[in-house]
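Structure data (mmCIF, C-alpha atoms (C1' of nucleotides)) from run.cif:
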data_start
loop_
_atom_site.label_atom_id
_atom_site.label_comp_id
_atom_site.auth_asym_id
_atom_site.auth_seq_id
_atom_site.Cartn_x
_atom_site.Cartn_y
_atom_site.Cartn_z
CA MET A 1250 10.66 -145.71 175.59
CA ALA A 1251 10.44 -144.97 171.86
CA ARG A 1252 7.19 -143.25 170.97
CA GLN A 1253 4.47 -145.28 169.41
CA GLY A 1254 2.88 -142.44 167.44
CA LEU A 1255 -0.46 -142.93 169.12
CA THR A 1256 -3.41 -140.63 168.57
CA ARG A 1257 -6.74 -140.38 170.28
CA ALA A 1258 -8.47 -141.69 167.17
CA GLY A 1259 -5.95 -144.51 166.92
CA VAL A 1260 -6.58 -145.60 170.47
CA VAL A 1261 -10.32 -145.59 169.90
CA ARG A 1262 -9.94 -147.58 166.70
CA ALA A 1263 -7.74 -150.14 168.41
CA ALA A 1264 -10.25 -150.42 171.23
CA ILE A 1265 -13.04 -151.13 168.77
CA GLU A 1266 -10.98 -153.80 167.05
CA LEU A 1267 -10.12 -155.38 170.38
CA ILE A 1268 -13.74 -155.45 171.46
CA GLU A 1269 -14.86 -156.96 168.17
CA SER A 1270 -12.23 -159.67 168.27
CA GLU A 1271 -12.03 -160.54 171.95
CA GLY A 1272 -15.45 -159.53 173.21
CA LEU A 1273 -16.70 -156.66 175.31
CA GLN A 1274 -16.54 -158.77 178.44
CA ARG A 1275 -12.81 -159.37 178.25
CA PHE A 1276 -11.88 -155.86 177.19
CA SER A 1277 -9.47 -154.00 179.47
CA LEU A 1278 -7.09 -151.08 179.30
CA ARG A 1279 -4.15 -153.35 179.94
CA GLU A 1280 -5.04 -155.56 177.00
CA LEU A 1281 -5.55 -152.51 174.83
CA ALA A 1282 -2.19 -151.12 175.93
CA ASN A 1283 -0.51 -154.43 175.10
CA ARG A 1284 -1.85 -154.27 171.57
CA LEU A 1285 -0.45 -150.79 171.18
CA HIS A 1286 2.90 -151.79 172.72
CA VAL A 1287 2.50 -149.34 175.54
CA ARG A 1288 1.85 -149.42 179.28
CA ALA A 1289 -1.72 -148.93 180.45
CA ALA A 1290 -0.94 -145.62 182.13
CA SER A 1291 0.32 -144.19 178.86
CA LEU A 1292 -3.15 -144.38 177.39
CA TYR A 1293 -4.17 -141.54 179.66
CA ASN A 1294 -2.16 -139.17 177.49
CA HIS A 1295 -4.79 -139.70 174.79
CA ILE A 1296 -8.00 -140.36 176.66
CA LYS A 1297 -9.34 -138.89 179.88
CA ASN A 1298 -10.51 -142.16 181.35
CA MET A 1299 -12.34 -145.33 180.46
CA ASP A 1300 -15.79 -143.79 180.49
CA GLU A 1301 -14.73 -141.27 177.90
CA LEU A 1302 -13.16 -143.97 175.74
CA TYR A 1303 -16.32 -146.01 175.99
CA THR A 1304 -18.39 -143.00 175.00
CA GLU A 1305 -16.18 -142.47 171.98
CA ILE A 1306 -16.66 -146.08 170.95
CA GLY A 1307 -20.36 -145.54 171.44
CA TYR A 1308 -20.42 -142.70 168.92
CA TYR A 1309 -18.83 -144.98 166.36
CA ALA A 1310 -21.21 -147.84 167.10
CA ILE A 1311 -24.26 -145.61 166.82
CA SER A 1312 -23.13 -144.18 163.50
CA GLU A 1313 -22.56 -147.66 162.12
CA LEU A 1314 -26.02 -148.82 163.12
CA LYS A 1315 -27.55 -145.70 161.64
CA ARG A 1316 -25.72 -146.23 158.36
CA ALA A 1317 -26.85 -149.85 158.15
CA GLN A 1318 -30.45 -148.73 158.52
CA LEU A 1319 -30.15 -145.89 156.02
CA ASP A 1320 -28.58 -148.16 153.43
CA ALA A 1321 -31.43 -150.61 153.88
CA ILE A 1322 -34.28 -148.16 153.30
CA ALA A 1323 -32.72 -146.40 150.32
CA GLY A 1324 -35.24 -146.35 147.49
CA LYS A 1325 -37.90 -148.16 149.48
CA GLU A 1326 -41.20 -147.05 150.97
CA ARG A 1327 -43.77 -148.00 153.57
CA ALA A 1328 -44.09 -151.73 154.37
CA GLN A 1329 -41.18 -152.63 152.13
CA ALA A 1330 -38.99 -150.03 153.82
CA ILE A 1331 -40.03 -151.16 157.29
CA GLU A 1332 -39.20 -154.76 156.51
CA ALA A 1333 -35.85 -153.84 155.01
CA LEU A 1334 -34.95 -151.65 157.96
CA ALA A 1335 -35.92 -154.30 160.47
CA GLU A 1336 -33.96 -156.91 158.61
CA ALA A 1337 -30.88 -154.71 158.44
CA TYR A 1338 -31.13 -153.96 162.15
CA HIS A 1339 -31.37 -157.64 162.91
CA ARG A 1340 -28.42 -158.48 160.70
CA PHE A 1341 -26.32 -155.76 162.28
CA GLY A 1342 -26.91 -157.17 165.73
CA ARG A 1343 -26.07 -160.68 164.58
CA GLU A 1344 -22.97 -159.81 162.61
CA ARG A 1345 -21.52 -157.35 165.09
CA PRO A 1346 -22.85 -158.48 168.44
CA GLU A 1347 -20.16 -156.80 170.49
CA ILE A 1348 -20.65 -153.45 168.80
CA TYR A 1349 -24.40 -153.74 169.22
CA GLN A 1350 -23.88 -154.58 172.87
CA VAL A 1351 -21.81 -151.44 173.28
CA ILE A 1352 -24.74 -149.35 172.05
CA MET A 1353 -27.13 -151.04 174.41
CA SER A 1354 -24.93 -150.63 177.45
CA LEU A 1355 -24.06 -146.98 176.92
CA PRO A 1356 -24.62 -144.90 180.06
CA MET A 1357 -26.98 -142.50 178.29
CA ILE A 1358 -28.64 -141.50 181.51
CA LYS A 1359 -25.43 -139.85 182.65
CA ASN A 1360 -24.38 -138.33 179.35
CA ASP A 1361 -26.65 -135.97 177.49
CA ALA A 1362 -24.37 -135.77 174.46
CA LEU A 1363 -24.59 -139.52 174.16
CA LEU A 1364 -28.35 -139.44 174.47
CA THR A 1365 -28.51 -136.92 171.65
CA ALA A 1366 -26.28 -139.10 169.49
CA ALA A 1367 -28.47 -142.09 170.23
CA GLY A 1368 -31.27 -140.11 168.61
CA ASP A 1369 -29.52 -140.91 165.32
CA ILE A 1370 -30.66 -144.49 165.59
CA VAL A 1371 -34.24 -143.28 165.44
CA GLU A 1372 -33.79 -141.06 162.42
CA PRO A 1373 -34.10 -143.78 159.75
CA ILE A 1374 -37.24 -145.06 161.45
CA MET A 1375 -38.79 -141.61 161.42
CA THR A 1376 -37.90 -141.25 157.76
CA VAL A 1377 -39.78 -144.42 156.95
CA LEU A 1378 -42.76 -143.32 159.01
CA ASP A 1379 -42.85 -140.08 157.04
CA GLY A 1380 -44.17 -142.21 154.21
CA TYR A 1381 -47.36 -142.73 156.21
CA THR A 1382 -50.05 -140.18 156.92
CA LEU A 1383 -49.52 -139.86 160.65
CA THR A 1384 -49.50 -137.23 163.38
CA GLU A 1385 -46.21 -136.47 165.09
CA LEU A 1386 -47.53 -138.10 168.23
CA GLN A 1387 -48.38 -141.29 166.40
CA LYS A 1388 -44.95 -141.37 164.79
CA MET A 1389 -43.39 -141.02 168.21
CA HIS A 1390 -45.34 -143.94 169.57
CA LEU A 1391 -44.73 -146.11 166.54
CA GLN A 1392 -41.03 -145.37 166.53
CA ARG A 1393 -40.80 -146.56 170.10
CA VAL A 1394 -42.73 -149.69 169.29
CA LEU A 1395 -40.51 -150.66 166.39
CA ARG A 1396 -37.36 -150.02 168.37
CA SER A 1397 -38.68 -152.16 171.19
CA ILE A 1398 -39.52 -155.01 168.88
CA MET A 1399 -36.15 -154.96 167.15
CA HIS A 1400 -34.06 -154.58 170.27
CA GLY A 1401 -36.14 -156.95 172.34
CA PHE A 1402 -35.74 -159.64 169.75
CA LEU A 1403 -32.03 -159.18 169.30
CA SER A 1404 -31.43 -159.00 173.01
CA GLN A 1405 -33.23 -162.24 173.83
CA GLU A 1406 -31.69 -163.99 170.87
CA ALA A 1407 -28.21 -162.97 172.02
CA ALA A 1408 -29.01 -164.12 175.54
CA GLY A 1409 -29.70 -167.56 174.14
CA CYS A 1410 -33.40 -167.56 174.99
CA PHE A 1411 -34.52 -168.61 171.54
CA ARG A 1412 -32.03 -171.31 170.76
CA HIS A 1413 -33.45 -174.43 172.39
CA PHE A 1414 -36.35 -174.74 169.98
CA PRO A 1415 -36.10 -175.84 166.38
CA VAL A 1416 -38.48 -173.02 165.49
CA GLU A 1417 -37.04 -170.61 162.99
CA VAL A 1418 -36.07 -167.38 164.68
CA SER A 1419 -36.21 -165.35 161.48
CA GLN A 1420 -39.83 -166.31 160.99
CA SER A 1421 -40.76 -165.17 164.49
CA TYR A 1422 -39.04 -161.90 163.75
CA ARG A 1423 -40.86 -161.43 160.47
CA MET A 1424 -44.12 -162.05 162.29
CA ALA A 1425 -43.29 -159.35 164.84
CA VAL A 1426 -42.46 -156.89 162.08
CA GLN A 1427 -45.73 -157.76 160.36
CA GLY A 1428 -47.57 -156.83 163.51
CA PHE A 1429 -45.85 -153.47 163.41
CA VAL A 1430 -46.78 -152.89 159.78
CA TRP A 1431 -50.36 -153.50 160.74
CA LEU A 1432 -50.06 -150.97 163.56
CA ALA A 1433 -48.70 -148.34 161.19
CA GLU A 1434 -51.42 -148.90 158.62
CA ASN A 1435 -54.08 -148.95 161.29
CA SER A 1436 -52.85 -145.68 162.77
CA GLU A 1437 -53.01 -144.18 159.32
CA LYS A 1438 -56.64 -145.20 158.94
CA GLU A 1439 -57.47 -143.49 162.22
CA VAL A 1440 -56.00 -140.24 160.92
CA GLU A 1441 -57.77 -140.43 157.58
CA ALA A 1442 -61.12 -141.13 159.21
CA MET B 1248 -14.39 -164.27 215.44
CA ALA B 1249 -17.83 -164.99 216.83
CA ARG B 1250 -20.00 -166.83 214.38
CA GLN B 1251 -22.64 -164.89 212.55
CA GLY B 1252 -25.01 -167.81 212.04
CA LEU B 1253 -24.93 -167.42 208.27
CA THR B 1254 -26.64 -169.81 205.92
CA ARG B 1255 -26.49 -170.15 202.18
CA ALA B 1256 -30.07 -168.91 201.93
CA GLY B 1257 -29.28 -166.01 204.24
CA VAL B 1258 -26.35 -164.93 202.12
CA VAL B 1259 -28.47 -165.06 198.98
CA ARG B 1260 -31.24 -163.08 200.65
CA ALA B 1261 -28.80 -160.43 201.84
CA ALA B 1262 -27.32 -160.21 198.35
CA ILE B 1263 -30.76 -159.62 196.87
CA GLU B 1264 -31.48 -156.88 199.39
CA LEU B 1265 -28.13 -155.26 198.72
CA ILE B 1266 -28.71 -155.30 194.97
CA GLU B 1267 -32.18 -153.86 195.33
CA SER B 1268 -31.03 -151.05 197.60
CA GLU B 1269 -27.64 -150.16 196.18
CA GLY B 1270 -27.93 -151.25 192.59
CA LEU B 1271 -26.51 -154.15 190.63
CA GLN B 1272 -23.66 -152.01 189.40
CA ARG B 1273 -22.23 -151.30 192.82
CA PHE B 1274 -22.72 -154.79 194.20
CA SER B 1275 -19.60 -156.55 195.44
CA LEU B 1276 -18.69 -159.40 197.74
CA ARG B 1277 -16.89 -157.03 200.08
CA GLU B 1278 -19.99 -154.87 200.47
CA LEU B 1279 -22.10 -157.95 201.01
CA ALA B 1280 -19.64 -159.23 203.60
CA ASN B 1281 -19.74 -155.88 205.39
CA ARG B 1282 -23.50 -156.11 205.70
CA LEU B 1283 -23.19 -159.54 207.23
CA HIS B 1284 -20.38 -158.43 209.57
CA VAL B 1285 -17.96 -160.85 208.05
CA ARG B 1286 -14.86 -160.78 205.85
CA ALA B 1287 -15.32 -161.38 202.14
CA ALA B 1288 -13.40 -164.63 202.22
CA SER B 1289 -15.80 -166.06 204.80
CA LEU B 1290 -18.63 -165.99 202.29
CA TYR B 1291 -16.93 -168.84 200.47
CA ASN B 1292 -18.01 -171.15 203.27
CA HIS B 1293 -21.57 -170.74 202.04
CA ILE B 1294 -21.25 -170.16 198.33
CA LYS B 1295 -18.89 -171.62 195.79
CA ASN B 1296 -18.14 -168.38 194.01
CA MET B 1297 -19.79 -165.27 192.67
CA ASP B 1298 -21.20 -166.94 189.57
CA GLU B 1299 -23.02 -169.43 191.69
CA LEU B 1300 -24.36 -166.72 193.97
CA TYR B 1301 -25.52 -164.78 190.95
CA THR B 1302 -27.24 -167.86 189.57
CA GLU B 1303 -29.02 -168.35 192.87
CA ILE B 1304 -30.24 -164.76 192.80
CA GLY B 1305 -31.36 -165.42 189.24
CA TYR B 1306 -33.60 -168.28 190.31
CA TYR B 1307 -35.29 -165.99 192.80
CA ALA B 1308 -35.69 -163.19 190.27
CA ILE B 1309 -37.19 -165.51 187.68
CA SER B 1310 -39.69 -166.95 190.14
CA GLU B 1311 -40.76 -163.47 191.17
CA LEU B 1312 -41.34 -162.40 187.58
CA LYS B 1313 -43.27 -165.57 186.89
CA ARG B 1314 -45.47 -165.02 189.93
CA ALA B 1315 -46.22 -161.44 188.92
CA GLN B 1316 -47.38 -162.66 185.53
CA LEU B 1317 -49.46 -165.51 186.91
CA ASP B 1318 -51.20 -163.23 189.39
CA ALA B 1319 -52.04 -160.87 186.57
CA ILE B 1320 -53.72 -163.39 184.29
CA ALA B 1321 -55.72 -165.14 187.00
CA GLY B 1322 -59.37 -165.29 185.93
CA LYS B 1323 -58.73 -163.53 182.63
CA GLU B 1324 -58.76 -164.70 179.03
CA ARG B 1325 -57.51 -163.78 175.59
CA ALA B 1326 -57.01 -160.07 174.89
CA GLN B 1327 -57.81 -159.12 178.46
CA ALA B 1328 -55.29 -161.64 179.77
CA ILE B 1329 -52.61 -160.49 177.33
CA GLU B 1330 -53.04 -156.88 178.35
CA ALA B 1331 -52.97 -157.73 182.04
CA LEU B 1332 -49.86 -159.87 181.64
CA ALA B 1333 -48.06 -157.21 179.65
CA GLU B 1334 -48.97 -154.57 182.16
CA ALA B 1335 -47.77 -156.70 185.07
CA TYR B 1336 -44.50 -157.41 183.29
CA HIS B 1337 -44.00 -153.72 182.68
CA ARG B 1338 -44.76 -152.82 186.28
CA PHE B 1339 -42.38 -155.48 187.55
CA GLY B 1340 -39.54 -154.03 185.51
CA ARG B 1341 -40.28 -150.53 186.70
CA GLU B 1342 -40.74 -151.32 190.35
CA ARG B 1343 -37.83 -153.71 190.65
CA PRO B 1344 -35.39 -152.57 187.99
CA GLU B 1345 -32.34 -154.16 189.58
CA ILE B 1346 -34.01 -157.54 189.93
CA TYR B 1347 -35.23 -157.36 186.35
CA GLN B 1348 -31.73 -156.46 185.24
CA VAL B 1349 -30.42 -159.54 187.02
CA ILE B 1350 -32.73 -161.72 184.94
CA MET B 1351 -31.65 -160.08 181.73
CA SER B 1352 -27.95 -160.39 182.46
CA LEU B 1353 -27.99 -164.02 183.54
CA PRO B 1354 -25.36 -166.08 181.73
CA MET B 1355 -27.88 -168.58 180.40
CA ILE B 1356 -25.66 -169.59 177.54
CA LYS B 1357 -23.25 -171.14 180.02
CA ASN B 1358 -25.76 -172.65 182.40
CA ASP B 1359 -28.36 -175.11 181.19
CA ALA B 1360 -30.14 -175.27 184.55
CA LEU B 1361 -30.58 -171.52 184.38
CA LEU B 1362 -31.88 -171.73 180.86
CA THR B 1363 -34.45 -174.26 181.97
CA ALA B 1364 -35.50 -172.04 184.85
CA ALA B 1365 -35.82 -169.12 182.48
CA GLY B 1366 -38.43 -171.17 180.68
CA ASP B 1367 -40.68 -170.36 183.64
CA ILE B 1368 -40.99 -166.81 182.41
CA VAL B 1369 -42.61 -168.11 179.25
CA GLU B 1370 -45.11 -170.35 181.00
CA PRO B 1371 -47.72 -167.69 181.79
CA ILE B 1372 -47.53 -166.46 178.20
CA MET B 1373 -48.13 -169.96 176.87
CA THR B 1374 -51.08 -170.34 179.24
CA VAL B 1375 -52.67 -167.23 177.83
CA LEU B 1376 -52.04 -168.36 174.27
CA ASP B 1377 -53.81 -171.65 175.08
CA GLY B 1378 -56.98 -169.57 175.04
CA TYR B 1379 -56.52 -169.10 171.31
CA THR B 1380 -56.97 -171.72 168.61
CA LEU B 1381 -53.35 -171.96 167.51
CA THR B 1382 -50.82 -174.55 166.39
CA GLU B 1383 -47.85 -175.22 168.66
CA LEU B 1384 -45.61 -173.58 166.09
CA GLN B 1385 -47.69 -170.43 166.07
CA LYS B 1386 -47.70 -170.30 169.83
CA MET B 1387 -43.93 -170.55 169.81
CA HIS B 1388 -43.58 -167.67 167.42
CA LEU B 1389 -46.12 -165.53 169.23
CA GLN B 1390 -44.54 -166.18 172.59
CA ARG B 1391 -41.23 -164.93 171.26
CA VAL B 1392 -42.85 -161.86 169.81
CA LEU B 1393 -44.57 -160.87 173.03
CA ARG B 1394 -41.42 -161.42 175.04
CA SER B 1395 -39.48 -159.28 172.63
CA ILE B 1396 -41.99 -156.46 172.80
CA MET B 1397 -42.12 -156.46 176.59
CA HIS B 1398 -38.42 -156.76 177.16
CA GLY B 1399 -37.47 -154.39 174.37
CA PHE B 1400 -39.71 -151.75 175.79
CA LEU B 1401 -38.53 -152.13 179.34
CA SER B 1402 -34.92 -152.24 178.30
CA GLN B 1403 -35.02 -149.03 176.29
CA GLU B 1404 -37.06 -147.29 178.92
CA ALA B 1405 -34.54 -148.21 181.59
CA ALA B 1406 -31.70 -147.01 179.37
CA GLY B 1407 -33.36 -143.61 179.30
CA CYS B 1408 -34.15 -143.68 175.58
CA PHE B 1409 -37.79 -142.71 176.03
CA ARG B 1410 -37.49 -139.93 178.55
CA HIS B 1411 -36.68 -136.84 176.50
CA PHE B 1412 -40.09 -136.64 174.90
CA PRO B 1413 -43.26 -135.59 176.63
CA VAL B 1414 -45.03 -138.49 174.94
CA GLU B 1415 -46.62 -140.89 177.33
CA VAL B 1416 -44.62 -144.09 177.54
CA SER B 1417 -47.53 -146.16 178.80
CA GLN B 1418 -49.53 -145.30 175.73
CA SER B 1419 -46.73 -146.40 173.41
CA TYR B 1420 -46.59 -149.64 175.32
CA ARG B 1421 -50.31 -150.21 175.07
CA MET B 1422 -50.07 -149.64 171.35
CA ALA B 1423 -47.35 -152.27 171.05
CA VAL B 1424 -49.44 -154.76 173.01
CA GLN B 1425 -52.42 -153.98 170.77
CA GLY B 1426 -50.31 -154.92 167.78
CA PHE B 1427 -49.59 -158.24 169.42
CA VAL B 1428 -53.25 -158.90 170.15
CA TRP B 1429 -53.94 -158.35 166.47
CA LEU B 1430 -51.20 -160.82 165.59
CA ALA B 1431 -52.69 -163.46 167.87
CA GLU B 1432 -56.20 -163.01 166.50
CA ASN B 1433 -54.93 -162.98 162.97
CA SER B 1434 -53.00 -166.20 163.47
CA GLU B 1435 -56.16 -167.74 164.84
CA LYS B 1436 -58.05 -166.82 161.71
CA GLU B 1437 -55.42 -168.49 159.59
CA VAL B 1438 -55.89 -171.72 161.52
CA GLU B 1439 -59.66 -171.62 161.35
CA ALA B 1440 -59.62 -170.94 157.61
"C1'" DT C 1146 -18.75 -185.18 229.73
"C1'" DC C 1147 -15.03 -185.00 226.97
"C1'" DC C 1148 -12.79 -185.24 222.45
"C1'" DG C 1149 -12.28 -185.50 217.70
"C1'" DA C 1150 -14.30 -183.92 213.50
"C1'" DA C 1151 -16.52 -180.64 210.87
"C1'" DA C 1152 -18.00 -176.04 210.07
"C1'" DA C 1153 -17.10 -171.31 209.95
"C1'" DA C 1154 -14.61 -167.55 210.83
"C1'" DC C 1155 -10.01 -165.37 210.25
"C1'" DT C 1156 -5.44 -163.36 207.92
"C1'" DA C 1157 -2.43 -163.02 204.12
"C1'" DA C 1158 -1.65 -163.20 199.60
"C1'" DC C 1159 -2.32 -163.13 194.40
"C1'" DA C 1160 -3.73 -161.57 189.99
"C1'" DG C 1161 -6.58 -158.69 187.99
"C1'" DT C 1162 -9.12 -153.99 187.32
"C1'" DG C 1163 -8.95 -148.50 186.59
"C1'" DT C 1164 -6.41 -144.50 187.93
"C1'" DT C 1165 -3.01 -140.88 189.67
"C1'" DA C 1166 1.57 -138.81 190.76
"C1'" DG C 1167 5.93 -138.09 189.68
"C1'" DT C 1168 9.82 -138.70 186.47
"C1'" DA C 1169 12.45 -139.26 182.26
"C1'" DT C 1170 12.82 -138.76 177.37
"C1'" DA C 1171 11.53 -137.48 172.86
"C1'" DT C 1172 9.57 -134.09 169.79
"C1'" DT C 1173 8.32 -129.49 168.40
"C1'" DG C 1174 8.41 -124.43 167.91
"C1'" DT C 1175 10.96 -120.20 168.48
"C1'" DA D 269 20.17 -124.58 170.31
"C1'" DC D 270 17.05 -124.20 173.90
"C1'" DA D 271 12.71 -123.97 176.17
"C1'" DA D 272 8.24 -125.86 176.19
"C1'" DT D 273 5.27 -129.47 175.38
"C1'" DA D 274 3.90 -134.06 174.55
"C1'" DT D 275 4.47 -138.72 175.44
"C1'" DA D 276 6.25 -142.49 177.44
"C1'" DC D 277 7.69 -144.65 181.79
"C1'" DT D 278 7.63 -146.64 186.89
"C1'" DA D 279 5.48 -147.02 191.23
"C1'" DA D 280 1.75 -146.86 193.88
"C1'" DC D 281 -3.28 -146.95 195.48
"C1'" DA D 282 -7.80 -148.71 196.06
"C1'" DC D 283 -10.63 -151.62 194.41
"C1'" DT D 284 -12.31 -156.43 192.44
"C1'" DG D 285 -12.86 -161.92 193.05
"C1'" DT D 286 -10.50 -165.88 194.82
"C1'" DT D 287 -7.38 -169.37 197.22
"C1'" DA D 288 -4.42 -171.33 200.94
"C1'" DG D 289 -3.53 -171.95 205.38
"C1'" DT D 290 -4.75 -171.07 210.29
"C1'" DT D 291 -7.57 -170.52 214.31
"C1'" DT D 292 -11.72 -170.87 216.67
"C1'" DT D 293 -16.28 -172.35 217.51
"C1'" DT D 294 -19.81 -175.82 217.35
"C1'" DC D 295 -21.64 -180.33 217.26
"C1'" DG D 296 -22.09 -185.51 217.48
"C1'" DG D 297 -20.72 -189.77 219.39
"C1'" DA D 298 -18.12 -192.65 222.81
#

As structure tokens - that is how I would like this structure written.
Amino acid sequence: MARQGLTRAGVVRAAIELIESEGLQRFSLRELANRLHVRAASLYNHIKNMDELYTEIGYYAISELKRAQLDAIAGKERAQAIEALAEAYHRFGRERPEIYQVIMSLPMIKNDALLTAAGDIVEPIMTVLDGYTLTELQKMHLQRVLRSIMHGFLSQEAAGCFRHFPVEVSQSYRMAVQGFVWLAENSEKEVEA
Amino acid sequence: MARQGLTRAGVVRAAIELIESEGLQRFSLRELANRLHVRAASLYNHIKNMDELYTEIGYYAISELKRAQLDAIAGKERAQAIEALAEAYHRFGRERPEIYQVIMSLPMIKNDALLTAAGDIVEPIMTVLDGYTLTELQKMHLQRVLRSIMHGFLSQEAAGCFRHFPVEVSQSYRMAVQGFVWLAENSEKEVEA
DNA sequence: TCCGAAAAACTAACAGTGTTAGTATATTGT
DNA sequence: ACAATATACTAACACTGTTAGTTTTTCGGA
């Protein structure tokens, strides 16, 4: 019954590590408790329940994805920035699939704080779009489009939908991003006209 | 202990109805058994296990999505066909969110038969692309791009990511599809050159 | 028509999930 | 040093899918 010196932050960190190593699917409070040398019920001294823990993990995951995007666009502009951001997003999803999956399965509909945090993911995209001469409305639309392309691609790739063909996935992705670059430039022309 | 006259197909049908009415999240064998006036264990006389039942539901869901797309492109060509297909796909996801979610959470990586069936979703897209002068490789890439756009959009919309802004979602979607049409036409030009 | 076989329902149990209540012990502040 | 608080525990509950073993119904063939 010796104390384990657990903290809320420590529990969250351990949960993240467990998810990254064993997979989101197999994650459970019991397994997490085992790692911390504690009974499952004891975790409730540090977290309210599983939803709250999951939300906390979500905050971390979102901040990581945001950082990856910000790092990518540093010192770049317009098409070059878009391509770098898209590539970084893609790499993040490939290298940390479980963490990415956490983001995409967050119950944002039920949690307004989480929805606000998720807005962080959009921030780097908006920054890049600031480099174009666009109305706020256009930026809004374009931001949605880019997000859809990036997530849609990653999601299907992770589901295994793209693996049975010997056609390079990265090239398909680059093509999709190129279509977006065209959209951005085209929207700009509409404004300038 | 009177028999309920259950069949494998009947169980699958009831499961689909239950998912559509109560949501995929809250679906369980016990609830399904209740609806059929039977104990949960009795379901195992008609299905092997839950994975198999889920796979069966997946086949249905995939065929429905395929049909929606085929209906949409009937009698249409090129840009008009692409737009109609994309719109039908979007409507399907909105009107039958639980069924769409089933498709997107199918464990295709573990089930080759399921992966083959999932190829059906691509068929209507390939048919539309046949209306363009493209190499097989280009068609492959483009098919992936369109799928990514459509699914990415639907997925984020369902997650609630697009709801906090008074910016019309349908217009963003149309913009994304327009970008794809440009990609298709542009690829065609490359071939013809 | 009867009887054995097969099909389909049952009950009971198991291992797993998250979660709560109540209890004991360790730590901390006065 | 003692009271208060924090943290761990055990035991239990209501779920989840799943299996084994049992009883009943149904059906096909002699």

If we count all atoms listed in the file, what is near DA1166 (chain C) at a cut-off of 10 Å, once residues fewer than 2 positions away on the same chain are taken out, given as a PDB file with C-alpha atoms (C1' of nucleotides), in the coordinates of the input?
ATOM      1  C1'  DT C1168       9.820-138.700 186.470  1.00  0.00           C
TER       2       DT C1168
ATOM      3  C1'  DA D 279       5.480-147.020 191.230  1.00  0.00           C
ATOM      4  C1'  DA D 280       1.750-146.860 193.880  1.00  0.00           C
TER       5       DA D 280
END

Find the residues near DC1148 (chain C): any atom within 12 Å, counting all atoms listed in the file, skip ones fewer than 6 places away on the same chain, and give them as a PDB file with C-alpha atoms (C1' of nucleotides), in the frame of the given file.
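out-v6.pdb written:
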ATOM      1  C1'  DC D 295     -21.640-180.330 217.260  1.00  0.00           C
ATOM      2  C1'  DG D 296     -22.090-185.510 217.480  1.00  0.00           C
ATOM      3  C1'  DG D 297     -20.720-189.770 219.390  1.00  0.00           C
ATOM      4  C1'  DA D 298     -18.120-192.650 222.810  1.00  0.00           C
TER       5       DA D 298
END

Next on the checklist: Only residues of chain D matter here; which ones have an atom within 10 Å of chain B, counting all atoms listed in the file? Give them as JSON, numbers by chain.
Outcome noted: {"D": [284, 285, 286, 287, 291, 292, 293, 294]}

Checklist entry - Applied to the shown file, which residues does the PyMOL selection byres ((chain C) within 10 of (chain A)) return, written as an NGL selection string? => result :C and (1161-1165 or 1169-1172)

Residues of chain A within 6 Å of chain B, using only C-alpha atoms, as a PDB file with C-alpha atoms, in the coordinates of the input?
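So the final result, stored in iface_11.pdb, reads:
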ATOM      1  CA  ILE A1358     -28.640-141.500 181.510  1.00  0.00           C
ATOM      2  CA  HIS A1390     -45.340-143.940 169.570  1.00  0.00           C
ATOM      3  CA  VAL A1394     -42.730-149.690 169.290  1.00  0.00           C
ATOM      4  CA  SER A1397     -38.680-152.160 171.190  1.00  0.00           C
ATOM      5  CA  ILE A1398     -39.520-155.010 168.880  1.00  0.00           C
ATOM      6  CA  HIS A1400     -34.060-154.580 170.270  1.00  0.00           C
ATOM      7  CA  GLY A1401     -36.140-156.950 172.340  1.00  0.00           C
ATOM      8  CA  PHE A1402     -35.740-159.640 169.750  1.00  0.00           C
ATOM      9  CA  GLY A1409     -29.700-167.560 174.140  1.00  0.00           C
ATOM     10  CA  SER A1421     -40.760-165.170 164.490  1.00  0.00           C
ATOM     11  CA  ALA A1425     -43.290-159.350 164.840  1.00  0.00           C
ATOM     12  CA  GLY A1428     -47.570-156.830 163.510  1.00  0.00           C
ATOM     13  CA  LEU A1432     -50.060-150.970 163.560  1.00  0.00           C
TER      14      LEU A1432
END

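Atom pair CA of Arg1273 (chain B) / CA of Gln1274 (chain A): separated by 17.2 Å.
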
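Those residues that approach Val1259 (chain B) to within 8 Å, counting all atoms listed in the file, are Arg1255, Ala1256, Ala1262, Ile1263, Leu1300, Glu1303 and Ile1304 of chain B; same-chain residues fewer than 3 positions away are not listed.
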